[in-house]
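Asks: Contents of structure.cif (mmCIF, C-alpha atoms) are given next:
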```
data_coords
#
loop_
_atom_site.label_atom_id
_atom_site.label_comp_id
_atom_site.auth_asym_id
_atom_site.auth_seq_id
_atom_site.Cartn_x
_atom_site.Cartn_y
_atom_site.Cartn_z
CA SER H 16 -52.38 147.85 63.36
CA ARG H 17 -54.17 151.14 64.06
CA THR H 18 -56.91 152.34 61.75
CA THR H 19 -57.30 156.09 61.68
CA HIS H 20 -59.31 156.53 58.49
CA PRO H 21 -61.13 153.43 57.29
CA SER H 22 -61.07 153.18 53.50
CA SER H 23 -64.57 151.70 53.46
CA LYS H 24 -67.37 151.12 55.88
CA PRO H 25 -66.32 148.30 58.19
CA THR H 26 -68.50 145.25 58.56
CA LEU H 27 -68.81 144.18 62.16
CA ASN H 28 -70.69 140.98 62.82
CA ASP H 29 -69.49 140.69 66.40
CA PRO H 30 -72.21 141.93 68.81
CA SER H 31 -69.58 142.74 71.43
CA ALA H 32 -67.64 144.93 68.98
CA LEU H 33 -70.84 146.66 67.90
CA GLN H 34 -71.72 147.33 71.54
CA ARG H 35 -68.26 148.81 72.19
CA LEU H 36 -68.59 150.99 69.08
CA TYR H 37 -72.05 152.15 70.17
CA GLU H 38 -70.83 153.01 73.68
CA ALA H 39 -67.78 154.90 72.38
CA SER H 40 -69.84 156.87 69.88
CA THR H 41 -72.44 157.73 72.53
CA THR H 42 -69.67 158.97 74.82
CA ALA H 43 -68.25 161.07 71.99
CA ILE H 44 -71.66 162.63 71.29
CA HIS H 45 -72.01 163.52 74.98
CA GLU H 46 -68.53 165.07 74.98
CA LEU H 47 -69.44 167.17 71.94
CA SER H 48 -72.08 168.94 74.04
CA ASN H 49 -69.20 170.71 75.81
CA LYS H 50 -66.32 170.40 73.35
CA THR H 51 -65.90 171.00 69.63
CA ARG H 52 -63.96 167.78 69.03
CA SER H 53 -63.88 164.30 70.54
CA GLU H 54 -61.68 161.26 70.03
CA ILE H 55 -62.93 157.70 69.75
CA ASN H 56 -60.34 155.10 70.72
CA ILE H 57 -61.30 151.43 70.80
CA PRO H 58 -58.38 149.03 71.15
CA TYR H 59 -58.82 145.49 69.85
CA LEU H 60 -62.12 146.25 68.13
CA THR H 61 -61.82 143.32 65.76
CA MET H 62 -59.28 141.06 64.09
CA ASP H 63 -57.85 141.27 60.61
CA LEU H 64 -58.67 137.82 59.29
CA GLN H 65 -55.82 137.80 56.77
CA THR H 66 -52.98 138.85 59.07
CA ARG H 67 -54.52 137.58 62.33
CA GLN H 68 -53.63 140.92 63.90
CA PRO H 69 -55.93 143.00 66.10
CA LYS H 70 -57.51 146.11 64.64
CA HIS H 71 -57.85 149.21 66.74
CA LEU H 72 -60.05 152.20 66.02
CA GLU H 73 -58.68 155.71 66.53
CA VAL H 74 -60.77 158.42 64.98
CA GLY H 75 -61.65 162.00 65.83
CA VAL H 76 -65.03 163.55 65.30
CA SER H 77 -65.96 167.22 65.36
CA ARG H 78 -69.21 168.83 66.42
CA ASN H 79 -69.54 170.39 62.95
CA VAL H 80 -69.44 166.97 61.29
CA VAL H 81 -72.09 165.57 63.65
CA ASP H 82 -74.27 168.68 63.20
CA ALA H 83 -74.02 168.36 59.41
CA GLU H 84 -74.99 164.68 59.59
CA VAL H 85 -78.00 165.50 61.78
CA GLN H 86 -79.11 168.27 59.41
CA THR H 87 -78.76 165.90 56.43
CA TRP H 88 -80.78 163.21 58.22
CA VAL H 89 -83.50 165.74 59.12
CA ARG H 90 -83.69 167.03 55.53
CA GLU H 91 -83.44 163.70 53.70
CA LYS H 92 -85.17 161.24 56.03
CA LEU H 93 -87.23 162.83 58.81
CA VAL H 94 -88.97 165.63 56.91
CA PRO H 95 -90.06 163.40 53.99
CA TYR H 96 -91.37 160.87 56.51
CA LEU H 97 -93.36 163.54 58.35
CA LEU H 98 -94.66 165.03 55.09
CA GLN H 99 -96.11 161.64 54.13
CA GLY H 100 -98.54 162.07 57.01
CA THR H 101 -97.58 158.70 58.44
CA THR H 102 -97.56 159.91 62.02
CA THR H 103 -100.51 158.78 64.05
CA SER H 104 -103.00 161.23 65.41
CA LEU H 105 -103.19 161.63 69.17
CA SER H 106 -106.99 161.84 69.03
CA ASP H 107 -109.60 159.56 67.55
CA ASN H 108 -111.70 162.29 65.94
CA ASN H 109 -110.79 161.31 62.34
CA ASN H 110 -110.03 164.87 61.27
CA ASN H 111 -107.69 163.48 58.57
CA ASN H 112 -104.90 165.71 59.86
CA ASN H 113 -102.30 163.15 60.83
CA ASN H 114 -99.46 165.50 59.93
CA SER H 115 -97.36 166.91 62.75
CA LEU H 116 -96.11 169.81 60.60
CA SER H 117 -97.78 173.15 59.95
CA GLN H 118 -99.82 173.50 56.80
CA ALA H 119 -99.24 177.28 56.84
CA LEU H 120 -95.43 177.19 56.66
CA PRO H 121 -93.21 175.93 53.84
CA SER H 122 -91.78 172.43 54.16
CA PRO H 123 -88.89 172.33 56.64
CA THR H 124 -85.37 172.19 55.26
CA ASN H 125 -83.36 171.90 58.49
CA LEU H 126 -83.78 171.40 62.22
CA SER H 127 -84.76 175.01 63.02
CA THR H 128 -87.49 175.12 60.37
CA LEU H 129 -88.65 171.67 61.53
CA PHE H 130 -89.04 173.06 65.07
CA SER H 131 -90.87 176.11 63.67
CA SER H 132 -93.26 173.94 61.73
CA ALA H 133 -93.97 171.53 64.61
CA ILE H 134 -94.53 174.39 67.08
CA MET H 135 -96.74 176.24 64.61
CA ASN H 136 -98.78 173.07 64.03
CA SER H 137 -99.37 172.78 67.78
CA LEU H 138 -100.37 176.42 67.94
CA GLU H 139 -102.72 176.00 64.94
CA CYS H 140 -104.42 173.06 66.67
CA THR H 141 -105.05 175.21 69.76
CA SER H 142 -105.84 178.46 67.89
CA LEU H 143 -102.98 180.27 69.62
CA THR H 144 -100.24 182.53 68.27
CA PRO H 145 -96.48 182.25 68.92
CA HIS H 146 -96.74 185.23 71.28
CA ALA H 147 -98.98 183.15 73.57
CA LEU H 148 -95.95 181.06 74.53
CA ARG H 149 -94.54 181.94 77.95
CA ALA H 150 -91.68 179.44 78.00
CA VAL H 151 -90.22 176.56 76.05
CA ILE H 152 -88.40 174.20 78.38
CA LEU H 153 -85.80 171.91 76.85
CA VAL H 154 -85.47 168.66 78.81
CA GLY H 155 -83.52 165.46 78.44
CA GLY H 156 -80.18 164.73 76.85
CA GLY H 157 -80.99 166.73 73.71
CA ALA H 158 -81.27 169.90 75.77
CA ARG H 159 -77.50 169.84 76.23
CA VAL H 160 -76.79 169.63 72.50
CA PRO H 161 -75.81 173.05 71.13
CA LEU H 162 -77.41 172.28 67.73
CA VAL H 163 -80.77 171.56 69.38
CA ARG H 164 -80.68 174.70 71.56
CA GLU H 165 -79.65 176.96 68.68
CA SER H 166 -82.12 175.39 66.24
CA MET H 167 -84.97 175.80 68.74
CA ARG H 168 -83.99 179.46 69.23
CA GLU H 169 -83.84 180.06 65.46
CA GLY H 170 -87.19 178.33 64.98
CA LEU H 171 -88.87 180.47 67.62
CA VAL H 172 -87.24 183.64 66.27
CA HIS H 173 -88.72 182.74 62.88
CA LEU H 174 -92.19 182.51 64.45
CA ALA H 175 -92.16 185.27 67.08
CA GLY H 176 -89.18 187.54 66.43
CA ASP H 177 -85.80 187.92 68.10
CA ALA H 178 -86.83 190.47 70.72
CA TYR H 179 -89.59 188.17 72.00
CA VAL H 180 -87.35 185.08 72.13
CA SER H 181 -84.24 186.68 73.65
CA GLY H 182 -86.13 188.46 76.41
CA SER H 183 -85.37 192.02 75.35
CA GLY H 184 -88.98 192.61 74.40
CA GLY H 185 -92.28 190.78 74.10
CA ASN H 186 -93.36 189.29 77.39
CA GLY H 187 -90.71 191.19 79.38
CA LYS H 188 -90.07 188.16 81.59
CA GLY H 189 -86.70 187.10 80.23
CA ARG H 190 -85.80 184.35 77.83
CA LEU H 191 -88.43 182.23 76.17
CA ILE H 192 -86.19 179.13 75.96
CA MET H 193 -84.80 177.68 79.18
CA PRO H 194 -82.77 174.54 79.78
CA GLU H 195 -84.33 172.28 82.42
CA GLY H 196 -81.72 173.17 85.08
CA GLU H 197 -82.48 176.90 84.90
CA MET H 198 -86.17 176.71 85.84
CA GLY H 199 -86.99 178.94 88.78
#
```
Please express the file's structure as structure tokens.
Replies:
Amino acid sequence: SRTTHPSSKPTLNDPSALQRLYEASTTAIHELSNKTRSEINIPYLTMDLQTRQPKHLEVGVSRNVVDAEVQTWVREKLVPYLLQGTTTSLSDNNNNNNNSLSQALPSPTNLSTLFSSAIMNSLECTSLTPHALRAVILVGGGARVPLVRESMREGLVHLAGDAYVSGSGGNGKGRLIMPEGEMG
């Protein structure tokens, strides 16, 4: 039988099935960097214990759904965790500022405001302004994710203004945000 829309969250106790599910979902996430929709197809994922028939997984996922899930996770899990001040300080000077978010900005509500707050906190620690930034280089797998690139741009626009971030004004040297492969 083919399962296209599970009626409830499946329980997988088989490590091999979990590994196959993880690999297929990772592949789908990578595909969503370039496409708006991806299909996950895993034949023979598990067995139906009552009918002794194999169960296959066929499900599509859209970039919008993944983006919404990420934004929900940021808002409901990551931001509250960061606001608790549970992150460890990188220095041993006991300044009681273990928070990685800006104290001058409102609490983040999504990924772009989280980026704004984290960048502003770094600037506050160094007594710099957003206009002191010459480039923000996005590296790693996340740099290919459209949500990350757009959220970083929105966060920097919030701090420094659109003309400065897009390259049409400000430092006059082009874009402020560059993917790793575009470095000169």
Asks: Counting all atoms listed in the file, which of H:Val160, H:Val180, H:Leu129, H:Leu143 gets nearest to Lys50 in chain H?
Replies: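 So, comparing all the options, the nearest one is H:Val160.
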Asks: Report the distance between CA of Val172 in chain H and CA of Ser132 in chain H in Å, rounded to one decimal place.
Replies: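 Atom-to-atom, CA of Val172 in chain H and CA of Ser132 in chain H are spaced 12.3 Å apart.
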Asks: Could you tell me which of H:Met62, H:Leu171, H:Val76, H:Leu162 comes closest to Ile134 in chain H if we count all atoms listed in the file?
Replies: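 When distances to Ile134 in chain H are compared using all atoms listed in the file, the smallest one comes from H:Leu171.
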Asks: Using Å and a single decimal, report how far CA of Thr51 in chain H sits from CA of Arg78 in chain H.
Replies: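 These two atoms are separated by 5.1 Å.
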Asks: In terms of the shortest atom-to-atom distance over only C-alpha atoms, which of H:Thr87, H:Leu98, H:Pro145, H:Gly156 is closest to Leu126 in chain H?
Replies: H:Thr87
Asks: Would you compute the distance between CA of Thr61 in chain H and CA of Thr42 in chain H? Give it in Å to one decimal.
Replies: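 Value for the CA of Thr61 in chain H-CA of Thr42 in chain H distance: 19.7 Å.
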Asks: Could you tell me which of H:Asn49, H:Asn56, H:Thr144, H:Asn114 comes closest to Lys70 in chain H if we count only C-alpha atoms?
Replies: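 Looking at the shortest contact to Lys70 in chain H, the residue is H:Asn56.
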Asks: Could you tell me, as a list of chain:residue names, exactly which residues end up selected when the PyMOL selection byres ((chain H and resi 135-139) around 9) is applied to this structure?
Replies: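 What the PyMOL selection byres ((chain H and resi 135-139) around 9) grabs from the file is H:Asn114, H:Ser115, H:Leu116, H:Ser117, H:Gln118, H:Ala119, H:Leu120, H:Phe130, H:Ser131, H:Ser132, H:Ala133, H:Ile134, H:Cys140, H:Thr141, H:Ser142, H:Leu143, H:Thr144, H:Pro145, H:Ala147, H:Leu174.
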